[in-house]
file structure13.txt (compact mmCIF, C-alpha atoms)
# COMPACT_ATOMS: atom_id res chain seq x y z
CA MET A 1 41.14 -57.37 -5.42
CA ARG A 2 41.48 -56.30 -9.04
CA LEU A 3 39.12 -57.09 -11.87
CA GLY A 4 39.88 -57.14 -15.55
CA LEU A 5 38.14 -54.68 -17.85
CA SER A 6 37.23 -55.31 -21.48
CA ASP A 7 40.08 -53.13 -22.70
CA GLY A 8 42.65 -54.99 -20.64
CA ARG A 9 42.99 -52.39 -17.84
CA LEU A 10 42.73 -53.39 -14.21
CA PHE A 11 39.97 -52.07 -11.94
CA SER A 12 40.48 -51.67 -8.21
CA PRO A 13 37.46 -50.88 -5.94
CA SER A 14 39.68 -48.76 -3.71
CA SER A 15 40.64 -46.58 -6.67
CA CYS A 16 37.01 -45.41 -7.04
CA TRP A 17 36.33 -44.86 -3.33
CA GLY A 18 36.66 -41.10 -3.80
CA CYS A 19 33.78 -41.20 -6.31
CA PHE A 20 31.41 -42.14 -3.47
CA ILE A 21 32.69 -40.12 -0.53
CA GLY A 22 33.58 -36.99 -2.55
CA LYS A 23 36.37 -34.57 -1.89
CA PRO A 24 36.59 -32.88 1.50
CA ALA A 25 35.52 -29.23 1.50
CA SER A 26 38.28 -26.71 1.40
CA PRO A 27 38.68 -25.02 4.82
CA LYS A 28 39.15 -21.67 3.10
CA ARG A 29 35.94 -22.10 1.10
CA SER A 30 34.01 -23.14 4.19
CA ILE A 31 35.15 -20.01 6.06
CA GLU A 32 34.19 -17.81 3.11
CA GLU A 33 30.74 -19.39 2.93
CA ARG A 34 30.14 -18.84 6.65
CA ARG A 35 31.32 -15.25 6.34
CA ALA A 36 28.99 -14.66 3.38
CA ALA A 37 26.09 -16.15 5.33
CA MET A 38 26.84 -13.91 8.31
CA ASP A 39 27.01 -10.84 6.06
CA SER A 40 23.70 -11.81 4.48
CA ASN A 41 22.08 -12.21 7.90
CA ARG A 42 23.42 -8.85 9.04
CA MET A 43 22.06 -7.17 5.92
CA ARG A 44 18.69 -8.85 6.40
CA ASP A 45 18.56 -7.74 10.04
CA ARG A 46 19.52 -4.20 9.06
CA ILE A 47 16.78 -3.98 6.43
CA SER A 48 14.28 -5.48 8.87
CA GLY A 49 15.30 -2.90 11.49
CA ILE A 50 14.82 -0.01 9.06
CA ALA A 51 11.41 -1.35 7.97
CA SER A 52 10.39 -1.74 11.61
CA PHE A 53 11.48 1.81 12.46
CA LEU A 54 9.58 3.20 9.46
CA ARG A 55 6.54 1.06 10.41
CA TRP A 56 6.34 -0.22 6.86
CA ARG A 57 3.79 -2.93 7.65
CA ASP A 58 1.35 -0.37 9.06
CA TRP A 59 1.06 1.68 5.89
CA GLY A 60 3.09 0.22 3.01
CA PRO A 61 0.76 -2.56 1.80
CA GLY A 62 -2.23 -0.21 1.93
CA LYS A 63 -0.85 3.05 0.56
CA ILE A 64 1.78 2.23 -2.05
CA PRO A 65 -0.55 0.22 -4.36
CA VAL A 66 -2.97 3.17 -4.25
CA PHE A 67 -0.25 5.54 -5.44
CA PHE A 68 0.83 3.14 -8.19
CA THR A 69 -2.79 2.88 -9.37
CA LEU A 70 -3.26 6.65 -9.29
CA LEU A 71 -0.08 7.41 -11.23
CA ALA A 72 -0.87 4.72 -13.78
CA TYR A 73 -4.30 6.30 -14.25
CA ILE A 74 -2.75 9.75 -14.76
CA ALA A 75 -0.36 8.31 -17.35
CA LEU A 76 -3.29 6.81 -19.26
CA ALA A 77 -5.44 9.93 -18.89
CA GLU A 78 -2.63 12.16 -20.13
CA ARG A 79 -1.43 9.56 -22.65
CA ASN A 80 2.01 10.40 -21.40
CA PHE A 81 4.62 7.65 -21.28
CA SER A 82 7.65 9.83 -21.86
CA ALA A 83 10.94 9.31 -20.07
CA ARG A 84 10.32 12.49 -18.07
CA PHE A 85 6.94 11.23 -16.86
CA LEU A 86 8.36 7.84 -15.92
CA LEU A 87 11.11 9.58 -13.96
CA ASP A 88 8.49 11.70 -12.18
CA PHE A 89 6.56 8.48 -11.51
CA LEU A 90 9.57 6.90 -9.81
CA LEU A 91 10.52 10.04 -7.88
CA PHE A 92 6.99 10.51 -6.60
CA ILE A 93 6.76 6.91 -5.38
CA ILE A 94 9.96 7.50 -3.40
CA PHE A 95 8.52 10.78 -2.11
CA ALA A 96 5.24 9.09 -1.12
CA ILE A 97 7.07 6.30 0.72
CA LEU A 98 9.20 8.74 2.71
CA GLN A 99 6.32 11.10 3.51
CA SER A 100 4.08 8.25 4.66
CA ALA A 101 6.87 6.87 6.82
CA LEU A 102 7.54 10.32 8.26
CA GLY A 103 3.91 10.74 9.29
CA TYR A 104 3.88 7.45 11.18
CA VAL A 105 7.28 7.97 12.78
CA VAL A 106 6.31 11.48 13.95
CA ASN A 107 3.20 9.94 15.48
CA ASP A 108 5.33 7.37 17.31
CA TRP A 109 7.60 10.15 18.58
CA GLY A 110 4.59 11.90 20.08
CA ASP A 111 3.26 8.64 21.55
CA ARG A 112 6.49 7.18 22.88
CA LYS A 113 5.76 7.84 26.59
CA ILE A 114 2.14 6.71 26.39
CA ASP A 115 3.08 3.59 24.42
CA ARG A 116 5.74 2.76 27.00
CA LEU A 117 3.17 2.98 29.81
CA HIS A 118 0.74 0.70 27.99
CA GLY A 119 3.38 -1.73 26.73
CA LYS A 120 2.62 -0.87 23.11
CA LYS A 121 5.25 -1.29 20.41
CA ASN A 122 6.84 1.97 19.30
CA ALA A 123 9.41 2.85 16.63
CA PHE A 124 11.59 4.46 19.30
CA ASP A 125 11.66 1.52 21.72
CA ASN A 126 15.27 0.78 20.79
CA HIS A 127 16.23 4.40 20.08
CA PRO A 128 15.45 6.52 23.15
CA GLY A 129 16.41 10.13 23.73
CA SER A 130 18.84 11.86 21.41
CA ALA A 131 19.41 8.73 19.29
CA GLY A 132 15.73 8.65 18.39
CA LEU A 133 15.63 12.38 17.72
CA LEU A 134 18.64 12.04 15.42
CA ARG A 135 16.92 9.30 13.43
CA LEU A 136 13.74 11.35 13.17
CA SER A 137 15.70 14.39 12.01
CA LEU A 138 17.54 12.32 9.41
CA LEU A 139 14.26 10.93 8.08
CA PHE A 140 12.82 14.44 7.91
CA CYS A 141 15.80 15.68 5.90
CA VAL A 142 15.67 12.78 3.44
CA ALA A 143 11.90 13.21 3.04
CA PHE A 144 12.38 16.95 2.47
CA PHE A 145 14.94 16.44 -0.28
CA SER A 146 12.68 13.86 -1.95
CA GLY A 147 10.08 16.56 -2.53
CA LEU A 148 12.39 19.12 -4.13
CA PRO A 149 11.99 17.79 -7.71
CA PHE A 150 8.32 18.88 -7.56
CA ILE A 151 8.74 22.16 -5.71
CA HIS A 152 7.96 24.27 -8.81
CA ARG A 153 4.80 22.39 -9.73
CA PRO A 154 1.59 24.44 -9.28
CA PHE A 155 0.11 24.21 -5.77
CA PHE A 156 2.69 21.65 -4.65
CA PRO A 157 4.54 23.81 -2.04
CA PRO A 158 1.44 24.90 -0.04
CA LEU A 159 -0.09 21.41 -0.16
CA TRP A 160 3.14 19.82 0.97
CA ALA A 161 3.70 22.37 3.73
CA GLY A 162 0.08 21.93 4.84
CA TRP A 163 0.52 18.19 5.02
CA ILE A 164 3.64 18.51 7.18
CA LEU A 165 1.98 21.01 9.54
CA ILE A 166 -1.15 18.87 9.90
CA ALA A 167 0.89 15.70 10.51
CA CYS A 168 2.86 17.45 13.25
CA ALA A 169 -0.22 19.12 14.76
CA TYR A 170 -2.01 15.79 14.86
CA SER A 171 0.73 13.98 16.78
CA LEU A 172 2.79 16.50 18.73
CA LYS A 173 2.21 18.77 21.68
CA PRO A 174 0.99 21.37 22.42
CA VAL A 175 -1.72 20.94 19.77
CA ARG A 176 -1.95 17.13 19.51
CA LEU A 177 -5.20 16.99 17.56
CA LYS A 178 -5.45 13.21 17.94
CA GLU A 179 -6.78 13.85 21.45
CA ARG A 180 -9.53 16.22 20.23
CA GLY A 181 -12.20 13.64 19.43
CA ILE A 182 -13.97 13.92 16.08
CA TRP A 183 -11.73 16.81 15.04
CA GLY A 184 -8.75 14.55 15.41
CA LEU A 185 -10.37 11.87 13.24
CA GLY A 186 -11.15 14.42 10.55
CA VAL A 187 -7.61 15.77 10.54
CA SER A 188 -6.20 12.23 10.44
CA SER A 189 -8.28 11.39 7.36
CA LEU A 190 -7.23 14.67 5.73
CA ALA A 191 -3.53 14.02 6.34
CA GLN A 192 -3.49 10.34 5.44
CA TRP A 193 -5.88 10.13 2.51
CA THR A 194 -7.08 13.47 1.12
CA LEU A 195 -3.95 15.62 0.93
CA PRO A 196 -1.76 12.84 -0.54
CA MET A 197 -4.17 12.60 -3.50
CA LEU A 198 -4.08 16.35 -4.08
CA ILE A 199 -0.29 16.37 -3.78
CA ALA A 200 -0.01 13.53 -6.31
CA PHE A 201 -2.15 15.36 -8.87
CA SER A 202 -0.10 18.50 -8.31
CA ALA A 203 3.23 16.70 -8.65
CA MET A 204 2.13 15.03 -11.88
CA GLU A 205 0.80 18.34 -13.26
CA ARG A 206 -2.88 17.37 -13.40
CA PHE A 207 -4.11 19.53 -10.55
CA GLY A 208 -7.64 20.96 -10.84
CA GLN A 209 -9.16 18.32 -13.12
CA TRP A 210 -12.50 16.76 -12.18
CA ASP A 211 -10.92 13.36 -11.60
CA MET A 212 -8.77 14.83 -8.84
CA ALA A 213 -11.90 15.50 -6.76
CA VAL A 214 -13.21 12.00 -7.46
CA PHE A 215 -9.98 10.35 -6.34
CA ALA A 216 -9.63 12.58 -3.26
CA ILE A 217 -13.20 11.95 -2.07
CA ALA A 218 -13.12 8.22 -2.81
CA ASN A 219 -9.76 7.76 -1.11
CA SER A 220 -10.88 9.74 1.95
CA ILE A 221 -14.03 7.65 2.32
CA SER A 222 -12.07 4.44 1.84
CA GLY A 223 -9.49 5.48 4.42
CA ALA A 224 -12.10 6.56 6.95
CA THR A 225 -13.90 3.25 6.74
call {"tool": "encode", "arguments": {"input": "structure13.txt", "output": "structure tokens"}}
result
Amino acid sequence: MRLGLSDGRLFSPSSCWGCFIGKPASPKRSIEERRAAMDSNRMRDRISGIASFLRWRDWGPGKIPVFFTLLAYIALAERNFSARFLLDFLLFIIFAILQSALGYVVNDWGDRKIDRLHGKKNAFDNHPGSAGLLRLSLLFCVAFFSGLPFIHRPFFPPLWAGWILIACAYSLKPVRLKERGIWGLGVSSLAQWTLPMLIAFSAMERFGQWDMAVFAIANSISGAT
């Protein structure tokens, strides 16, 4: 059936059928979309796997905002918003993330047998033996290089070395301070809350000021409770 239009042209319903059903999707485009979705899923799974290995959920939401607040305070106290300070700000956040992750992953390495016996989740559940040791070594190397920009800041090297030694002594045999009762709790608070504050003040070149003691004590009490 054809209908007349006002301008004299003829209208056929069948001629406009494509307006309602649309054009069929191109097979090539459909394949590309599926491939992109698969790549996106793989990337998401990879990031999720890295975050799980680093135990991000156990420390990230609690520690990183504290470091941001501390560094913002130092910037205001020093009235320093230079490009160099902002670069130090960014580099220290990266350093803090890697050092925090390293502490938790080292602890999981020391606990892997006990966690397996008790059915507790561990970062090395899917990376046993040499594969797990390789990942731990790689994380240690990356964390080490992240601290090099601050290596010449006053008191930074001994504080950093002390933190690494305490973190290892807390989690690993033969010392394994986490099994020494109240001493273990004290060392844990020192490694997780006190030393990071001192290291931050050293890295940002404000070590020895009165506010450093206030932040260190307050953060230690907050972490212990």
call {"tool": "residues_around", "arguments": {"input": "structure13.txt", "residues": "stretch 139-155 of chain A", "least_positions_apart": "2", "cutoff": "9 Å", "atoms": "all atoms listed in the file", "output": "ChimeraX atom specification"}}
result
/A:88,91-92,94-99,101-102,105,134-137,157-160,199,202-205,207
call {"tool": "closest_residue", "arguments": {"input": "structure13.txt", "among": "A:Asp125, A:Glu78, A:Asp39, A:Asp45", "to": "A:Trp109", "atoms": "only C-alpha atoms"}}
result
A:Asp125
call {"tool": "closest_residue", "arguments": {"input": "structure13.txt", "among": "A:Leu70, A:Ala218, A:Ala169, A:Lys121", "to": "A:Ser188", "atoms": "all atoms listed in the file"}}
result
A:Ala169
call {"tool": "atom_distance", "arguments": {"input": "structure13.txt", "atom1": "atom CA of A:Pro196", "atom2": "atom CA of A:Gly184"}}
result
17.5 Å
